[in-house]
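What's in final_34.cif: mmCIF, C-alpha atoms
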data_structure
loop_
_atom_site.label_atom_id
_atom_site.label_comp_id
_atom_site.auth_asym_id
_atom_site.auth_seq_id
_atom_site.Cartn_x
_atom_site.Cartn_y
_atom_site.Cartn_z
CA MET A 1 48.23 138.43 100.06
CA ALA A 2 45.06 136.33 100.47
CA ALA A 3 44.81 132.90 98.87
CA GLN A 4 43.13 132.34 95.54
CA ILE A 5 39.86 130.42 95.80
CA ILE A 6 39.62 127.04 94.04
CA ASN A 7 36.04 127.22 92.83
CA GLY A 8 34.77 123.65 92.71
CA PHE A 9 31.41 124.81 91.41
CA GLU A 10 32.95 126.37 88.28
CA LEU A 11 35.36 123.48 87.73
CA ALA A 12 32.47 121.04 87.99
CA LYS A 13 30.47 123.07 85.49
CA GLU A 14 33.29 122.91 82.93
CA LYS A 15 33.86 119.18 83.44
CA ARG A 16 30.12 118.41 83.19
CA ALA A 17 29.89 120.32 79.90
CA GLN A 18 32.65 118.07 78.54
CA LEU A 19 30.89 114.95 79.88
CA ALA A 20 27.59 116.03 78.27
CA LYS A 21 29.34 115.97 74.87
CA GLU A 22 30.69 112.48 75.59
CA VAL A 23 27.19 111.29 76.53
CA GLU A 24 25.83 112.73 73.26
CA GLN A 25 28.47 110.80 71.32
CA LEU A 26 27.67 107.56 73.16
CA LYS A 27 23.96 108.01 72.39
CA ARG A 28 24.81 108.46 68.70
CA GLU A 29 26.51 105.07 68.97
CA GLY A 30 23.35 103.59 70.49
CA ILE A 31 24.57 103.62 74.11
CA GLU A 32 22.54 105.43 76.79
CA PRO A 33 24.63 105.69 79.98
CA ALA A 34 22.51 104.73 83.00
CA LEU A 35 23.09 104.95 86.75
CA ALA A 36 21.01 103.05 89.31
CA VAL A 37 20.90 104.60 92.79
CA ILE A 38 19.61 102.65 95.78
CA LEU A 39 18.30 104.62 98.77
CA VAL A 40 17.32 102.78 101.95
CA GLY A 41 15.29 104.62 104.59
CA ASP A 42 14.48 108.30 104.96
CA HIS A 43 17.77 109.80 106.20
CA PRO A 44 17.44 113.53 105.24
CA ALA A 45 21.09 114.01 104.25
CA SER A 46 21.03 110.85 102.12
CA GLN A 47 17.84 112.00 100.40
CA SER A 48 19.48 115.34 99.65
CA TYR A 49 22.64 113.71 98.25
CA VAL A 50 20.60 111.36 96.06
CA LYS A 51 18.49 114.21 94.71
CA ALA A 52 21.66 116.15 93.81
CA LYS A 53 23.10 113.09 92.02
CA GLN A 54 19.89 112.55 90.06
CA LYS A 55 19.76 116.19 89.02
CA ALA A 56 23.39 116.09 87.86
CA CYS A 57 22.66 112.96 85.78
CA GLU A 58 19.71 114.64 84.10
CA GLU A 59 21.77 117.75 83.32
CA ILE A 60 24.27 115.83 81.19
CA GLY A 61 21.92 113.21 79.73
CA ILE A 62 22.63 110.17 81.90
CA ARG A 63 19.54 108.06 82.62
CA SER A 64 18.99 107.90 86.36
CA VAL A 65 17.09 105.03 88.00
CA LEU A 66 16.16 105.48 91.67
CA LEU A 67 15.21 102.50 93.82
CA THR A 68 13.90 103.42 97.28
CA PHE A 69 13.30 100.92 100.07
CA PRO A 70 12.06 101.22 103.67
CA ASN A 71 14.49 101.27 106.58
CA ASP A 72 13.56 97.76 107.78
CA ILE A 73 14.49 95.75 104.66
CA SER A 74 16.76 92.75 105.15
CA GLU A 75 20.31 92.48 103.91
CA SER A 76 19.38 89.49 101.73
CA PHE A 77 16.64 91.50 100.03
CA LEU A 78 19.05 94.34 99.24
CA LEU A 79 21.70 91.93 97.94
CA GLY A 80 19.02 90.41 95.70
CA GLN A 81 18.24 93.84 94.23
CA ILE A 82 21.94 94.43 93.55
CA ALA A 83 22.25 91.01 91.88
CA ARG A 84 19.36 91.94 89.58
CA LEU A 85 21.01 95.25 88.63
CA ASN A 86 24.34 93.48 88.04
CA LYS A 87 22.64 91.38 85.35
CA ASP A 88 20.75 94.30 83.77
CA ARG A 89 22.76 95.27 80.68
CA SER A 90 20.93 98.60 80.41
CA ILE A 91 22.40 99.72 83.78
CA HIS A 92 26.08 100.72 83.68
CA GLY A 93 26.64 102.04 87.20
CA ILE A 94 25.27 101.03 90.60
CA LEU A 95 25.47 103.27 93.66
CA VAL A 96 24.14 102.38 97.12
CA GLN A 97 23.76 105.52 99.20
CA LEU A 98 25.49 105.19 102.57
CA PRO A 99 24.95 104.96 105.52
CA LEU A 100 22.74 101.88 105.64
CA PRO A 101 20.55 100.75 108.58
CA PRO A 102 22.30 98.61 111.25
CA GLN A 103 20.86 95.26 110.12
CA ILE A 104 22.75 95.60 106.80
CA ASN A 105 26.51 95.08 106.59
CA GLU A 106 27.87 97.85 104.33
CA LEU A 107 30.91 95.77 103.34
CA HIS A 108 28.69 92.92 102.12
CA VAL A 109 26.74 95.41 100.01
CA ILE A 110 29.85 97.05 98.51
CA GLU A 111 31.33 93.64 97.67
CA ALA A 112 28.05 92.54 96.02
CA ILE A 113 28.22 95.26 93.34
CA ALA A 114 29.86 94.02 90.13
CA PRO A 115 33.31 95.70 89.96
CA GLU A 116 32.61 96.89 86.39
CA LYS A 117 29.51 98.76 87.69
CA ASP A 118 31.12 100.06 90.91
CA VAL A 119 31.17 103.73 89.92
CA ASP A 120 31.81 104.77 93.56
CA GLY A 121 35.18 102.99 93.40
CA PHE A 122 34.64 101.24 96.76
CA HIS A 123 34.76 97.55 95.73
CA PRO A 124 37.89 95.86 97.17
CA LEU A 125 38.93 94.75 93.67
CA ASN A 126 38.83 98.35 92.40
CA VAL A 127 40.61 99.60 95.52
CA GLY A 128 43.35 97.03 94.87
CA ARG A 129 43.63 98.11 91.25
CA MET A 130 43.94 101.74 92.35
CA MET A 131 46.67 100.82 94.86
CA THR A 132 48.66 99.01 92.16
CA GLY A 133 48.23 101.72 89.53
CA GLN A 134 45.89 99.80 87.22
CA GLN A 135 43.02 101.24 85.18
CA THR A 136 39.91 101.29 87.39
CA PHE A 137 37.15 103.48 88.82
CA LEU A 138 38.73 105.96 91.23
CA PRO A 139 36.73 106.93 94.35
CA CYS A 140 34.84 110.11 93.57
CA THR A 141 35.90 112.56 96.30
CA PRO A 142 39.65 111.73 96.12
CA TYR A 143 39.47 111.84 92.31
CA GLY A 144 37.76 115.23 92.50
CA ILE A 145 40.47 116.53 94.84
CA LEU A 146 43.24 115.41 92.49
CA TYR A 147 41.41 117.01 89.56
CA MET A 148 41.14 120.31 91.46
CA VAL A 149 44.85 120.40 92.30
CA GLN A 150 45.80 119.44 88.73
CA SER A 151 43.60 122.28 87.45
CA LEU A 152 46.01 124.74 89.12
CA GLN A 153 48.75 123.45 86.79
CA VAL A 154 51.21 123.13 89.67
CA ASP A 155 53.87 120.44 89.58
CA ILE A 156 52.85 117.72 92.06
CA VAL A 157 56.02 115.65 91.57
CA GLY A 158 58.09 115.64 94.76
CA LYS A 159 55.65 117.85 96.67
CA HIS A 160 54.88 116.96 100.28
CA VAL A 161 51.17 116.12 100.59
CA VAL A 162 49.83 115.86 104.14
CA VAL A 163 46.43 114.17 104.57
CA VAL A 164 44.60 114.75 107.84
CA GLY A 165 42.13 111.88 108.20
CA ARG A 166 42.35 108.18 107.32
CA SER A 167 38.84 107.16 106.25
CA ASN A 168 38.39 104.51 103.58
CA ILE A 169 36.27 106.93 101.53
CA VAL A 170 38.58 109.97 101.45
CA GLY A 171 41.74 109.94 103.55
CA LYS A 172 43.38 106.66 102.58
CA PRO A 173 42.59 106.74 98.83
CA VAL A 174 43.42 110.41 98.29
CA GLY A 175 46.93 109.83 99.64
CA GLN A 176 47.35 106.92 97.22
CA LEU A 177 46.26 109.04 94.25
CA PHE A 178 48.88 111.68 95.06
CA LEU A 179 51.48 108.97 95.60
CA ARG A 180 50.73 107.79 92.04
CA GLU A 181 51.54 111.34 90.91
CA HIS A 182 54.96 111.02 92.60
CA ALA A 183 54.23 113.21 95.62
CA THR A 184 55.59 112.36 99.06
CA VAL A 185 52.59 111.58 101.26
CA THR A 186 52.15 111.74 105.04
CA TYR A 187 48.96 110.59 106.78
CA CYS A 188 47.84 112.19 110.05
CA HIS A 189 44.95 111.14 112.31
CA SER A 190 43.51 111.42 115.83
CA ARG A 191 46.55 109.73 117.39
CA THR A 192 49.21 111.72 115.54
CA ASN A 193 51.66 113.43 117.89
CA ASP A 194 52.18 117.17 117.27
CA LEU A 195 49.79 117.48 114.33
CA GLU A 196 50.63 121.15 113.86
CA ALA A 197 54.34 120.44 113.31
CA ILE A 198 53.54 117.94 110.55
CA THR A 199 50.85 119.94 108.73
CA ARG A 200 53.18 122.94 108.60
CA GLN A 201 55.47 120.89 106.35
CA ALA A 202 52.76 120.39 103.73
CA ASP A 203 52.99 121.87 100.25
CA ILE A 204 49.48 120.46 99.74
CA LEU A 205 47.30 119.99 102.83
CA ILE A 206 44.13 117.88 102.54
CA VAL A 207 41.81 117.86 105.56
CA ALA A 208 38.98 115.34 105.96
CA VAL A 209 38.13 114.72 109.62
CA GLY A 210 34.71 116.27 110.27
CA LYS A 211 35.85 118.71 112.99
CA PRO A 212 34.74 122.32 112.41
CA LYS A 213 37.60 124.79 111.89
CA LEU A 214 40.21 122.36 113.28
CA ILE A 215 42.95 123.76 111.05
CA THR A 216 43.94 127.38 111.67
CA SER A 217 46.73 129.44 110.10
CA SER A 218 49.29 128.16 112.64
CA TYR A 219 48.91 124.69 111.07
CA VAL A 220 49.65 125.88 107.53
CA LYS A 221 52.90 126.65 105.77
CA GLU A 222 53.10 129.95 103.90
CA GLY A 223 52.01 129.39 100.30
CA ALA A 224 50.52 125.92 100.81
CA ILE A 225 47.56 124.62 98.79
CA VAL A 226 44.74 123.77 101.22
CA ILE A 227 41.90 121.38 100.31
CA ASP A 228 39.04 121.30 102.83
CA VAL A 229 36.85 118.19 102.54
CA GLY A 230 34.87 118.72 105.74
CA VAL A 231 31.24 119.82 105.77
CA ASN A 232 30.01 120.76 109.24
CA ARG A 233 26.90 122.62 110.37
CA LEU A 234 27.42 125.17 113.14
CA GLU A 235 24.87 126.01 115.86
CA ASN A 236 23.79 129.09 113.86
CA GLY A 237 22.90 126.80 110.93
CA LYS A 238 25.81 127.89 108.72
CA LEU A 239 28.07 125.38 106.96
CA CYS A 240 31.80 125.37 107.54
CA GLY A 241 34.71 123.10 106.77
CA ASP A 242 37.44 121.47 108.83
CA VAL A 243 39.61 124.49 107.99
CA ASP A 244 39.14 127.96 109.47
CA PHE A 245 38.73 129.52 106.03
CA ASP A 246 39.03 133.22 106.96
CA ASP A 247 42.16 132.61 109.01
CA VAL A 248 43.94 130.14 106.71
CA LYS A 249 43.30 132.10 103.49
CA GLN A 250 45.76 134.71 104.81
CA VAL A 251 48.69 132.26 104.55
CA ALA A 252 47.71 129.72 101.86
CA SER A 253 48.31 130.23 98.12
CA TYR A 254 45.10 128.37 97.14
CA ILE A 255 42.18 127.21 99.24
CA THR A 256 38.82 125.49 98.68
CA PRO A 257 35.69 127.05 100.20
CA VAL A 258 32.82 125.24 101.95
CA PRO A 259 30.36 125.00 100.28
CA LYS A 260 31.19 125.17 96.51
CA GLY A 261 34.55 123.49 96.98
CA VAL A 262 35.12 119.74 96.92
CA GLY A 263 31.40 118.80 97.03
CA PRO A 264 30.47 119.62 93.41
CA MET A 265 33.55 117.77 92.17
CA THR A 266 32.57 114.57 94.01
CA ILE A 267 29.31 114.27 92.06
CA THR A 268 31.06 115.27 88.84
CA MET A 269 33.57 112.42 89.14
CA LEU A 270 30.65 110.04 89.77
CA LEU A 271 29.25 111.17 86.41
CA HIS A 272 32.69 110.70 84.85
CA ASN A 273 32.89 107.13 86.19
CA THR A 274 29.37 106.33 84.93
CA VAL A 275 30.23 107.52 81.41
CA GLN A 276 33.46 105.50 81.57
CA ALA A 277 31.49 102.41 82.71
CA ALA A 278 29.04 102.73 79.80
CA ARG A 279 31.90 103.04 77.33
CA GLU A 280 33.81 100.06 78.79
CA GLN A 281 30.80 97.76 78.95
CA HIS A 282 30.01 98.27 75.25
CA LYS A 283 33.50 97.69 73.88
#
Show me, as structure tokens, the structure contained in the file I just sent.
Amino acid sequence: MAAQIINGFELAKEKRAQLAKEVEQLKREGIEPALAVILVGDHPASQSYVKAKQKACEEIGIRSVLLTFPNDISESFLLGQIARLNKDRSIHGILVQLPLPPQINELHVIEAIAPEKDVDGFHPLNVGRMMTGQQTFLPCTPYGILYMVQSLQVDIVGKHVVVVGRSNIVGKPVGQLFLREHATVTYCHSRTNDLEAITRQADILIVAVGKPKLITSSYVKEGAIVIDVGVNRLENGKLCGDVDFDDVKQVASYITPVPKGVGPMTITMLLHNTVQAAREQHK
């Protein structure tokens, strides 16, 4: 029996409808949630991501402020812009679209954003709070993945979650979020011995490595939940994930597609964090 599809597009739609109501309520209280997005250079993928984020903000009533700068700006100039936004009480969330040009240190930029406006959840202070189970902004893609699995109403407690990939943006934090839900978590990466043997133990398999169709059915336990974070473009122009969808759906119980899987949930959790930031800053 083929796996059921976890439709991130539909889940995002439902969550955004709920967020739109929360934004309406905040506006009745005199609070207009606002997100500032900084885009440096003309990287096509970054431009596309920013446009999608702006559109999502508009859909639910969040004010979106876009600041665009040329590729050759200095790090000090960018840090100055962030400092100005930190002080602007009308801006609740600040997002700097990555990657940045080589003359700018991404870590310096992330650390410059005020933690209470870090709606990406990347600031070291917010990462530390997440690791220790405190209230904070959770990074958007891992938060979206957890939300998707929770939407299935399966019991996560005690389940074996295997994460393939150890990036700071997805791999590391998503494992921590499932650990907070009392799952047993294993991390795999490029130097893991016998990857297939480990992934076959997973009740929930999360793949985020950027290698097209790396995971086939032989890597997946019968009935596992499979979350594919990868977005890769093939030579024929089509998008695919890190999981061989057509093959793996024959053994998994649930699986996310690419596109319309994790992607829509990432932006949705950014909106969630922005609404949360607006509420917290006006307490």
Expected selection from the PyMOL selection byres ((chain A and resi 244-258) around 7), given as number ranges by chain: A: 1-7, 213-217, 222-228, 231, 239-243, 259-261
So that I have them on file, write out the residues from the current selection with C-alpha atoms, as a PDB file, in the coordinates of the input.
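Saved file selection02.pdb follows:
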ATOM      1  CA  MET A   1      48.230 138.430 100.060  1.00  0.00           C
ATOM      2  CA  ALA A   2      45.060 136.330 100.470  1.00  0.00           C
ATOM      3  CA  ALA A   3      44.810 132.900  98.870  1.00  0.00           C
ATOM      4  CA  GLN A   4      43.130 132.340  95.540  1.00  0.00           C
ATOM      5  CA  ILE A   5      39.860 130.420  95.800  1.00  0.00           C
ATOM      6  CA  ILE A   6      39.620 127.040  94.040  1.00  0.00           C
ATOM      7  CA  ASN A   7      36.040 127.220  92.830  1.00  0.00           C
ATOM      8  CA  LYS A 213      37.600 124.790 111.890  1.00  0.00           C
ATOM      9  CA  LEU A 214      40.210 122.360 113.280  1.00  0.00           C
ATOM     10  CA  ILE A 215      42.950 123.760 111.050  1.00  0.00           C
ATOM     11  CA  THR A 216      43.940 127.380 111.670  1.00  0.00           C
ATOM     12  CA  SER A 217      46.730 129.440 110.100  1.00  0.00           C
ATOM     13  CA  GLU A 222      53.100 129.950 103.900  1.00  0.00           C
ATOM     14  CA  GLY A 223      52.010 129.390 100.300  1.00  0.00           C
ATOM     15  CA  ALA A 224      50.520 125.920 100.810  1.00  0.00           C
ATOM     16  CA  ILE A 225      47.560 124.620  98.790  1.00  0.00           C
ATOM     17  CA  VAL A 226      44.740 123.770 101.220  1.00  0.00           C
ATOM     18  CA  ILE A 227      41.900 121.380 100.310  1.00  0.00           C
ATOM     19  CA  ASP A 228      39.040 121.300 102.830  1.00  0.00           C
ATOM     20  CA  VAL A 231      31.240 119.820 105.770  1.00  0.00           C
ATOM     21  CA  LEU A 239      28.070 125.380 106.960  1.00  0.00           C
ATOM     22  CA  CYS A 240      31.800 125.370 107.540  1.00  0.00           C
ATOM     23  CA  GLY A 241      34.710 123.100 106.770  1.00  0.00           C
ATOM     24  CA  ASP A 242      37.440 121.470 108.830  1.00  0.00           C
ATOM     25  CA  VAL A 243      39.610 124.490 107.990  1.00  0.00           C
ATOM     26  CA  PRO A 259      30.360 125.000 100.280  1.00  0.00           C
ATOM     27  CA  LYS A 260      31.190 125.170  96.510  1.00  0.00           C
ATOM     28  CA  GLY A 261      34.550 123.490  96.980  1.00  0.00           C
TER      29      GLY A 261
END
Would you kindly translate the PyMOL selection byres ((chain A and resi 268) around 8) into the concrete residues it picks from this file, as number ranges by chain? A: 12, 15-16, 56, 140, 144, 264-267, 269-272
With distances taken over only C-alpha atoms, which of A:Leu179, A:Leu100, A:Leu95, A:Glu106 is nearest to Thr132 (chain A)?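 Among the listed residues, A:Leu179 lies closest to Thr132 (chain A).
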Go through the shown structure with the PyMOL selection byres ((chain A and resi 54) around 12) and write out the matching residues as number ranges by chain. A: 34-39, 47-53, 55-67, 95, 267-268, 270-271
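In this model, the gap between CA of Asn232 (chain A) and CA of Ser218 (chain A) comes to 20.9 Å.
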Determine the nearest neighbour of Gln134 (chain A) from the options A:Ala112, A:Leu177, A:Leu78, A:Val23, counting all atoms listed in the file. A:Leu177
Val164 (chain A) proximity check over A:Ile94, A:Ile206, A:Leu146, A:Ile110, using only C-alpha atoms: winner is A:Ile206
Close residues, His189 (chain A) itself excluded, 10 Å, only C-alpha atoms, min 5 positions apart in chain, as number ranges by chain: A: 163-167, 171, 195, 208-209
List as a ChimeraX atom specification: which residues have an atom within 8 Å of (53.6, 111.7, 90.0), counting only C-alpha atoms? /A:156-158,178-183
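Closest approach to Pro102 (chain A) from the set A:Ala45, A:Leu125, A:Ile73, A:Val207 is made by A:Ile73, with distances taken over all atoms listed in the file.
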From the set A:Gln150, A:Gly41, A:Gln81, A:Met130, which residue has the shortest atom-to-atom contact distance to Pro101 (chain A), counting all atoms listed in the file?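 Going through A:Gln150, A:Gly41, A:Gln81, A:Met130 one by one, the smallest distance to Pro101 (chain A) is for A:Gly41.
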Which one of A:Thr141, A:Asn236, A:Gln281, A:Thr136 sits closest to Lys172 (chain A) if you count only C-alpha atoms?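 Answer, going by the shortest atom-to-atom distance: A:Thr141.
For Pro115 (chain A), the list of residues within 9 Å, based on all atoms listed in the file and with local chain neighbours fewer than 5 positions off taken out, reads A:Gly121, A:Phe122, A:His123, A:Pro124, A:Leu125, A:Asn126, A:Phe137.
Reported to one decimal place, the separation of CA of Leu138 (chain A) from CA of Glu116 (chain A) is 12.0 Å.
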Please, what distance in Å, to one decimal, runs between CA of Asn273 (chain A) and CA of Pro33 (chain A)?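 Spanning CA of Asn273 (chain A) to CA of Pro33 (chain A) is a straight-line distance of 10.4 Å.
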Any chance you could model all heavy atoms for region 213-224 of chain A and send them as a PDB file, in the coordinates of the input?
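New file selection.pdb:
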ATOM      1  N   LYS A 213      36.525 123.806 111.739  1.00  0.00           N
ATOM      2  CA  LYS A 213      37.600 124.790 111.890  1.00  0.00           C
ATOM      3  C   LYS A 213      38.790 124.269 112.702  1.00  0.00           C
ATOM      4  O   LYS A 213      39.440 125.018 113.435  1.00  0.00           O
ATOM      5  CB  LYS A 213      37.055 126.082 112.503  1.00  0.00           C
ATOM      6  CG  LYS A 213      35.952 126.716 111.658  1.00  0.00           C
ATOM      7  CD  LYS A 213      35.527 128.070 112.198  1.00  0.00           C
ATOM      8  CE  LYS A 213      34.422 128.689 111.346  1.00  0.00           C
ATOM      9  NZ  LYS A 213      34.057 130.038 111.771  1.00  0.00           N
ATOM     10  N   LEU A 214      39.082 122.965 112.573  1.00  0.00           N
ATOM     11  CA  LEU A 214      40.210 122.360 113.280  1.00  0.00           C
ATOM     12  C   LEU A 214      41.536 123.003 112.878  1.00  0.00           C
ATOM     13  O   LEU A 214      42.400 123.266 113.713  1.00  0.00           O
ATOM     14  CB  LEU A 214      40.260 120.853 112.981  1.00  0.00           C
ATOM     15  CG  LEU A 214      41.503 120.100 113.454  1.00  0.00           C
ATOM     16  CD1 LEU A 214      41.514 119.982 114.973  1.00  0.00           C
ATOM     17  CD2 LEU A 214      41.579 118.712 112.821  1.00  0.00           C
ATOM     18  N   ILE A 215      41.680 123.258 111.574  1.00  0.00           N
ATOM     19  CA  ILE A 215      42.950 123.760 111.050  1.00  0.00           C
ATOM     20  C   ILE A 215      42.922 125.280 110.956  1.00  0.00           C
ATOM     21  O   ILE A 215      42.131 125.863 110.219  1.00  0.00           O
ATOM     22  CB  ILE A 215      43.242 123.149 109.657  1.00  0.00           C
ATOM     23  CG1 ILE A 215      43.284 121.617 109.731  1.00  0.00           C
ATOM     24  CG2 ILE A 215      44.545 123.713 109.080  1.00  0.00           C
ATOM     25  CD1 ILE A 215      44.380 121.047 110.607  1.00  0.00           C
ATOM     26  N   THR A 216      43.804 125.913 111.712  1.00  0.00           N
ATOM     27  CA  THR A 216      43.940 127.380 111.670  1.00  0.00           C
ATOM     28  C   THR A 216      45.260 127.728 110.978  1.00  0.00           C
ATOM     29  O   THR A 216      46.026 126.839 110.583  1.00  0.00           O
ATOM     30  CB  THR A 216      43.925 127.949 113.099  1.00  0.00           C
ATOM     31  OG1 THR A 216      45.015 127.371 113.849  1.00  0.00           O
ATOM     32  CG2 THR A 216      42.605 127.621 113.812  1.00  0.00           C
ATOM     33  N   SER A 217      45.539 129.010 110.853  1.00  0.00           N
ATOM     34  CA  SER A 217      46.730 129.440 110.100  1.00  0.00           C
ATOM     35  C   SER A 217      48.030 128.924 110.704  1.00  0.00           C
ATOM     36  O   SER A 217      49.014 128.730 109.986  1.00  0.00           O
ATOM     37  CB  SER A 217      46.765 130.970 110.020  1.00  0.00           C
ATOM     38  OG  SER A 217      46.787 131.537 111.322  1.00  0.00           O
ATOM     39  N   SER A 218      48.050 128.653 112.003  1.00  0.00           N
ATOM     40  CA  SER A 218      49.290 128.160 112.640  1.00  0.00           C
ATOM     41  C   SER A 218      49.640 126.749 112.181  1.00  0.00           C
ATOM     42  O   SER A 218      50.761 126.290 112.373  1.00  0.00           O
ATOM     43  CB  SER A 218      49.152 128.203 114.166  1.00  0.00           C
ATOM     44  OG  SER A 218      48.158 127.295 114.609  1.00  0.00           O
ATOM     45  N   TYR A 219      48.676 126.039 111.569  1.00  0.00           N
ATOM     46  CA  TYR A 219      48.910 124.690 111.070  1.00  0.00           C
ATOM     47  C   TYR A 219      49.384 124.675 109.624  1.00  0.00           C
ATOM     48  O   TYR A 219      49.660 123.599 109.082  1.00  0.00           O
ATOM     49  CB  TYR A 219      47.608 123.873 111.133  1.00  0.00           C
ATOM     50  CG  TYR A 219      47.184 123.426 112.504  1.00  0.00           C
ATOM     51  CD1 TYR A 219      46.644 124.323 113.425  1.00  0.00           C
ATOM     52  CD2 TYR A 219      47.283 122.086 112.882  1.00  0.00           C
ATOM     53  CE1 TYR A 219      46.232 123.908 114.682  1.00  0.00           C
ATOM     54  CE2 TYR A 219      46.872 121.659 114.137  1.00  0.00           C
ATOM     55  CZ  TYR A 219      46.356 122.575 115.035  1.00  0.00           C
ATOM     56  OH  TYR A 219      45.956 122.168 116.274  1.00  0.00           O
ATOM     57  N   VAL A 220      49.461 125.834 108.991  1.00  0.00           N
ATOM     58  CA  VAL A 220      49.650 125.880 107.530  1.00  0.00           C
ATOM     59  C   VAL A 220      50.923 126.630 107.173  1.00  0.00           C
ATOM     60  O   VAL A 220      51.182 127.735 107.655  1.00  0.00           O
ATOM     61  CB  VAL A 220      48.433 126.562 106.860  1.00  0.00           C
ATOM     62  CG1 VAL A 220      48.612 126.621 105.351  1.00  0.00           C
ATOM     63  CG2 VAL A 220      47.147 125.810 107.219  1.00  0.00           C
ATOM     64  N   LYS A 221      51.696 126.016 106.275  1.00  0.00           N
ATOM     65  CA  LYS A 221      52.900 126.650 105.770  1.00  0.00           C
ATOM     66  C   LYS A 221      52.542 127.779 104.809  1.00  0.00           C
ATOM     67  O   LYS A 221      51.583 127.663 104.043  1.00  0.00           O
ATOM     68  CB  LYS A 221      53.762 125.599 105.052  1.00  0.00           C
ATOM     69  CG  LYS A 221      55.068 126.130 104.482  1.00  0.00           C
ATOM     70  CD  LYS A 221      55.982 125.006 104.007  1.00  0.00           C
ATOM     71  CE  LYS A 221      55.584 124.459 102.662  1.00  0.00           C
ATOM     72  NZ  LYS A 221      56.601 123.509 102.141  1.00  0.00           N
ATOM     73  N   GLU A 222      53.300 128.835 104.831  1.00  0.00           N
ATOM     74  CA  GLU A 222      53.100 129.950 103.900  1.00  0.00           C
ATOM     75  C   GLU A 222      53.131 129.449 102.466  1.00  0.00           C
ATOM     76  O   GLU A 222      54.065 128.760 102.060  1.00  0.00           O
ATOM     77  CB  GLU A 222      54.209 130.992 104.108  1.00  0.00           C
ATOM     78  CG  GLU A 222      54.030 132.268 103.312  1.00  0.00           C
ATOM     79  CD  GLU A 222      53.112 133.280 104.000  1.00  0.00           C
ATOM     80  OE1 GLU A 222      53.043 133.301 105.234  1.00  0.00           O
ATOM     81  OE2 GLU A 222      52.460 134.042 103.269  1.00  0.00           O
ATOM     82  N   GLY A 223      52.056 129.757 101.706  1.00  0.00           N
ATOM     83  CA  GLY A 223      52.010 129.390 100.300  1.00  0.00           C
ATOM     84  C   GLY A 223      51.484 127.994 100.008  1.00  0.00           C
ATOM     85  O   GLY A 223      51.490 127.564  98.847  1.00  0.00           O
ATOM     86  N   ALA A 224      51.026 127.283 101.030  1.00  0.00           N
ATOM     87  CA  ALA A 224      50.520 125.920 100.810  1.00  0.00           C
ATOM     88  C   ALA A 224      49.179 125.943 100.074  1.00  0.00           C
ATOM     89  O   ALA A 224      48.432 126.931 100.130  1.00  0.00           O
ATOM     90  CB  ALA A 224      50.353 125.197 102.143  1.00  0.00           C
TER      91      ALA A 224
END
